[in-house]
Amino acid sequence: MAGKSTKSAPASEPVVRTSQPLRFLSSKPLLWATLLVAAASLRIVSTYSHFCFTADEPGHFGCGLEYVASHVYRLETQHPPLARAAMALLPYLDGSRPAGNSKPDKEGMAVMYRRGNPQRTLTLMRLGILPFFILAGFVVFWWARHTFGDATAVIAVALFSMEPSILAHAGLATTDMVFTTFLGAAFLSMILWAEKPDIRRSLLFGAASGLMVLSKFTAVLYFPAAAGVALLTFAGVHRPGWRQLAVLARARASGLALAVGTGALVVWAGYFFSFGRIPGTPIYAPAPELFDGIASVLRHNSTGHTAFLFGQVSRTGWWYYFPAVLVLKTPLAFLILLAAGAWFCARRRNVDSLLPLAFSLGILLPAMAGQINIGVRHVLPLYLAFSVIAAVAVVRLVESTGAWKTAAATTAMLWLAATGILHHPYYLAYLNETVQVEPEKVITDSDLDWGQDYVEVASRLRQLGVNEVTFGTDPWLNHYFQMWPGFPAIKPVRAMYPSEGWTVISPTADKTSQYGLNYRYPKLKPWFDTIEPTERIGTILLYYVPPGAIRMKAPEQHP
């Protein structure tokens with residue numbers, strides 16, 4: 001990591017000279033990687049029209065449009081502006097303009113519907129995120145190629161481009177894919193800089209780090225942790241003395257200063273070089289929105305966020321949440337290859353080979369200490385390193401003697417490809433074979449039901465000829481849902497008393513809030529939790545109560 005002696009030479013890898021399939025992949029690696037990313041991009045774009053806006057997309061869009069149109073960033077600072085600006089740019093060029101609402105979600109919804117074609121606006125929002133998925137694919141390629149060679153790089157891109165959670169969040173107008181891209185780019189540029197801290201690499205390291213901070217504020221936690229684990233890995237393998245460490249540090253001090261200065265300038269530019277008082281303090285600083293946003297994230301983490309896992313509800317989460325959701329939402333074939341690849345990387349006792357593991361630990365350990373447990377998306381950058389590690393296993397198995405090893409690697413890759421085909425386009429709700437039925441009893445929120453299925457639900461209600469439906473949205477959203485995706489008249493859900501006709505239940509709203517009960521009455525359950533749903537539309541549960549089946553009046557004291 002910190003000098004030529006720590007850099008593994010891809011040319012020394014025997015893989016590409018011992019197997020015909022690997023020689024084929026190594027013949028034109030950039031071409032094959034480009035084709036894989038292009039194919040995955042087509043799969044992502046094909047999901048746009050199938051899904052409704054998810055819970056976070058309108059709010060992100062509202063903030064991004066303020067940034068693009070007005071060149072200020074005040075509506076909500078809890079997330080930095082880069083991803084939001086990217087999703088707002090195409091709608092802005094298409095004619096969307098701020099509506100003047102003071103709440104991000106209300107602003108986003110108003111603008112999406114203002115011109116009468118919210119689906120078009122949503123598609124343009126999501127297209128703004130696609131370039132970052134493409135760049136992330138090449139970050140995986142360059143990282144794997146740099147350390148393990150051409151064949152491993154192509155296979156790593158294949159794995160990354162078939163992972164359901166990556167495909168899901170690359171298809172949404174949210175911050176997670178952008179953050180994944182630039183956290184990986186910053187870490188890779190740090191590796192290159194550590195090997196050769198010249199001006200060009202220092203500038204690249206600084207720019208990538210600045211864009212990372214502009215993507216999501218968890219960067220200020222994940223990146224230092226990953227860099228720290230990487231440094232410990234270097235120290236553990238090479239065991240340098242204090243004198244050697246001092247020499248290495250002095251050689252990189254000026255380059256690091258240039259990188260830090262570049263990163264700071266990029267971040268400040270991302271806030272239009274604003275200067276002012278940090279809200280809630282007497283302190284004036286460059287980019288006060290940055291510091292206000294970080295403070296907002298810390299407050300959110302300290303108060304927690306209601307989450308559901310394995311039948312339990314918690315405001316502060318569980319230390320094992322992210323390991324659990326990674327096991328549930330990663331295809332089994334991928335997990336098997338990941339375990340084998342981690343073993344192969346650990347055996348090499350080479351710093352570069354261990355860095356994907358260091359990156360993974362640097363993300364996972366801080367995430368496990370957090371109190372916001374609402375989706376694998378918060379550790380989505382892990383799949384960058386996971387893809388590299390799993391690709392190592394594929395290459396090692398194929399180049400090994402023994403036909404069964406090649407057959408095992410081939411089977412795992414075909415299994416993973418089949419997983420994507422069978423679950424298209426339902427990548428967001430994907431859970432592997434460990435969850436067979438009733439996934440809403442295992443996990444919810446952005447890992448399952450994030451509001452994405454309401455286009456399909458509305459279509460089904462039209463097929464059924466439904467004129468009025470019981471549906472549990474916020475009242476101000478009802479008329480939007482009736483415009484698009486085309487719900488009938490809406491009346492609110494009453495948790496303790498069923499309504500005649502059709503009722504639409506969101507597992508996330510049920511498990512986290514019980515539609516108003518909020519677990520205040522431990523012995524009471526919502527009526528829809530006591531019977532089987534009539535239908536399942538994607539992740540959404542539909543219940544039908546025939547007219548005349550309800551013979552008693554709803555108690556007024558019940559919610």
# chains A, B, ... in the order shown; residues from 1 in each chain; ligands from 1
$ closest_atom_pairs --of "range 161-229 of chain A" --to "range 319-333 of chain A" --cutoff "8 Å" --atoms "only C-alpha atoms" --output "Markdown table"
| residue | atom | partner | partner_atom | distance |
| --- | --- | --- | --- | --- |
| A:Glu163 | CA | A:Thr330 | CA | 7.3 |
| A:Pro164 | CA | A:Thr330 | CA | 7.5 |
| A:Ser165 | CA | A:Lys329 | CA | 7.4 |
$ residues_around --residues "Asp56 in chain A" --least-positions-apart "5" --cutoff "10 Å" --atoms "only C-alpha atoms" --output "list in words"
Phe61, Pro104, Asp105, Gly108, Leu172, Ala173, Thr174, Thr175, Ser446, Trp450 and Gly451 of chain A
$ residues_around --residues "Ala153 in chain A" --least-positions-apart "5" --cutoff "6 Å" --atoms "only C-alpha atoms" --output "list in words"
Phe141, Ala144 and Arg145 of chain A
$ write_last_selection --atoms "C-alpha atoms" --output "PDB file, in the first residue's frame"
ATOM      1  CA  PHE A 141     -12.950  -3.053 -12.865  1.00  0.00           C
ATOM      2  CA  ALA A 144      -9.707  -5.691  -9.484  1.00  0.00           C
ATOM      3  CA  ARG A 145      -7.439  -5.225 -12.507  1.00  0.00           C
TER       4      ARG A 145
END
$ residues_around --residues "Lys525 in chain A" --least-positions-apart "4" --cutoff "9 Å" --atoms "only C-alpha atoms" --output "PDB file with N, CA and C atoms, in the first residue's frame"
ATOM      1  N   ALA A 495     -56.955   0.772  12.145  1.00  0.00           N
ATOM      2  CA  ALA A 495     -56.214  -0.423  12.526  1.00  0.00           C
ATOM      3  C   ALA A 495     -57.055  -1.468  13.242  1.00  0.00           C
ATOM      4  N   MET A 496     -58.058  -1.036  14.024  1.00  0.00           N
ATOM      5  CA  MET A 496     -58.804  -1.984  14.845  1.00  0.00           C
ATOM      6  C   MET A 496     -60.143  -2.403  14.238  1.00  0.00           C
ATOM      7  N   GLN A 514     -48.011   0.099  12.922  1.00  0.00           N
ATOM      8  CA  GLN A 514     -49.327  -0.520  13.087  1.00  0.00           C
ATOM      9  C   GLN A 514     -50.460   0.436  12.700  1.00  0.00           C
ATOM     10  N   LEU A 517     -51.458   2.471  15.844  1.00  0.00           N
ATOM     11  CA  LEU A 517     -51.397   1.848  17.175  1.00  0.00           C
ATOM     12  C   LEU A 517     -50.032   2.052  17.818  1.00  0.00           C
ATOM     13  N   TYR A 519     -47.763   0.200  18.752  1.00  0.00           N
ATOM     14  CA  TYR A 519     -47.430  -0.740  19.827  1.00  0.00           C
ATOM     15  C   TYR A 519     -47.750  -0.189  21.210  1.00  0.00           C
ATOM     16  N   TYR A 521     -50.631  -0.620  22.583  1.00  0.00           N
ATOM     17  CA  TYR A 521     -51.565  -1.586  23.176  1.00  0.00           C
ATOM     18  C   TYR A 521     -51.029  -2.988  22.888  1.00  0.00           C
ATOM     19  N   ASP A 529     -53.651  -8.133  10.667  1.00  0.00           N
ATOM     20  CA  ASP A 529     -52.623  -9.067  11.121  1.00  0.00           C
ATOM     21  C   ASP A 529     -53.203 -10.378  11.625  1.00  0.00           C
ATOM     22  N   THR A 530     -54.515 -10.463  11.704  1.00  0.00           N
ATOM     23  CA  THR A 530     -55.159 -11.668  12.251  1.00  0.00           C
ATOM     24  C   THR A 530     -55.749 -12.571  11.171  1.00  0.00           C
TER      25      THR A 530
END
$ residues_around --residues "Val398 in chain A" --least-positions-apart "4" --cutoff "8 Å" --atoms "only C-alpha atoms" --output "count of residues only"
5
$ closest_residue --among "A:Ala246, A:Ile129, A:Ile374, A:Ala429" --to "Gly304 in chain A" --atoms "only C-alpha atoms"
A:Ile374
$ closest_atom_pairs --of "range 267-371 of chain A" --to "range 187-192 of chain A" --cutoff "10 Å" --atoms "only C-alpha atoms" --output "Markdown table"
| residue | atom | partner | partner_atom | distance |
| --- | --- | --- | --- | --- |
| A:Asp352 | CA | A:Ile191 | CA | 8.5 |
| A:Leu355 | CA | A:Ile191 | CA | 8.8 |
| A:Pro356 | CA | A:Phe187 | CA | 9.7 |
| A:Phe359 | CA | A:Phe187 | CA | 7.8 |
$ select_by_dssp --residues "range 185-274 of chain A" --states "helix (DSSP H, G or I)" --output "count of residues only"
75
$ residues_around --residues "Thr470 in chain A" --least-positions-apart "3" --cutoff "6 Å" --atoms "only C-alpha atoms" --output "list in words"
Ile490, Lys491, Pro492, Val493 and Thr503 of chain A
$ residues_around --residues "Val442 in chain A" --least-positions-apart "5" --cutoff "9 Å" --atoms "only C-alpha atoms" --output "ChimeraX atom specification"
/A:308-312,435
$ closest_residue --among "A:Phe51, A:Phe148, A:Phe205, A:Trp318" --to "Gly263 in chain A" --atoms "only C-alpha atoms"
A:Phe205
$ closest_atom_pairs --of "range 123-149 of chain A" --to "range 88-100 of chain A" --cutoff "12 Å" --atoms "only C-alpha atoms" --output "JSON lines"
{"residue": "A:Thr123", "atom": "CA", "partner": "A:Pro91", "partner_atom": "CA", "distance": 9.0}
{"residue": "A:Leu124", "atom": "CA", "partner": "A:Leu90", "partner_atom": "CA", "distance": 5.6}
{"residue": "A:Met125", "atom": "CA", "partner": "A:Ala88", "partner_atom": "CA", "distance": 5.9}
{"residue": "A:Arg126", "atom": "CA", "partner": "A:Ala88", "partner_atom": "CA", "distance": 9.2}
{"residue": "A:Leu127", "atom": "CA", "partner": "A:Leu90", "partner_atom": "CA", "distance": 7.9}
{"residue": "A:Gly128", "atom": "CA", "partner": "A:Leu90", "partner_atom": "CA", "distance": 6.7}
{"residue": "A:Ile129", "atom": "CA", "partner": "A:Ala88", "partner_atom": "CA", "distance": 9.9}
{"residue": "A:Leu130", "atom": "CA", "partner": "A:Leu90", "partner_atom": "CA", "distance": 12.0}
$ closest_residue --among "A:Ile540, A:Ala207, A:Thr410, A:His424" --to "Ser46 in chain A" --atoms "only C-alpha atoms"
A:His424
$ closest_residue --among "A:Ala158, A:Ala369, A:Leu231, A:Ala509" --to "Ser302 in chain A" --atoms "only C-alpha atoms"
A:Ala369
$ atom_distance --atom1 "CA of Ala358 in chain A" --atom2 "CA of Phe234 in chain A"
10.1 Å
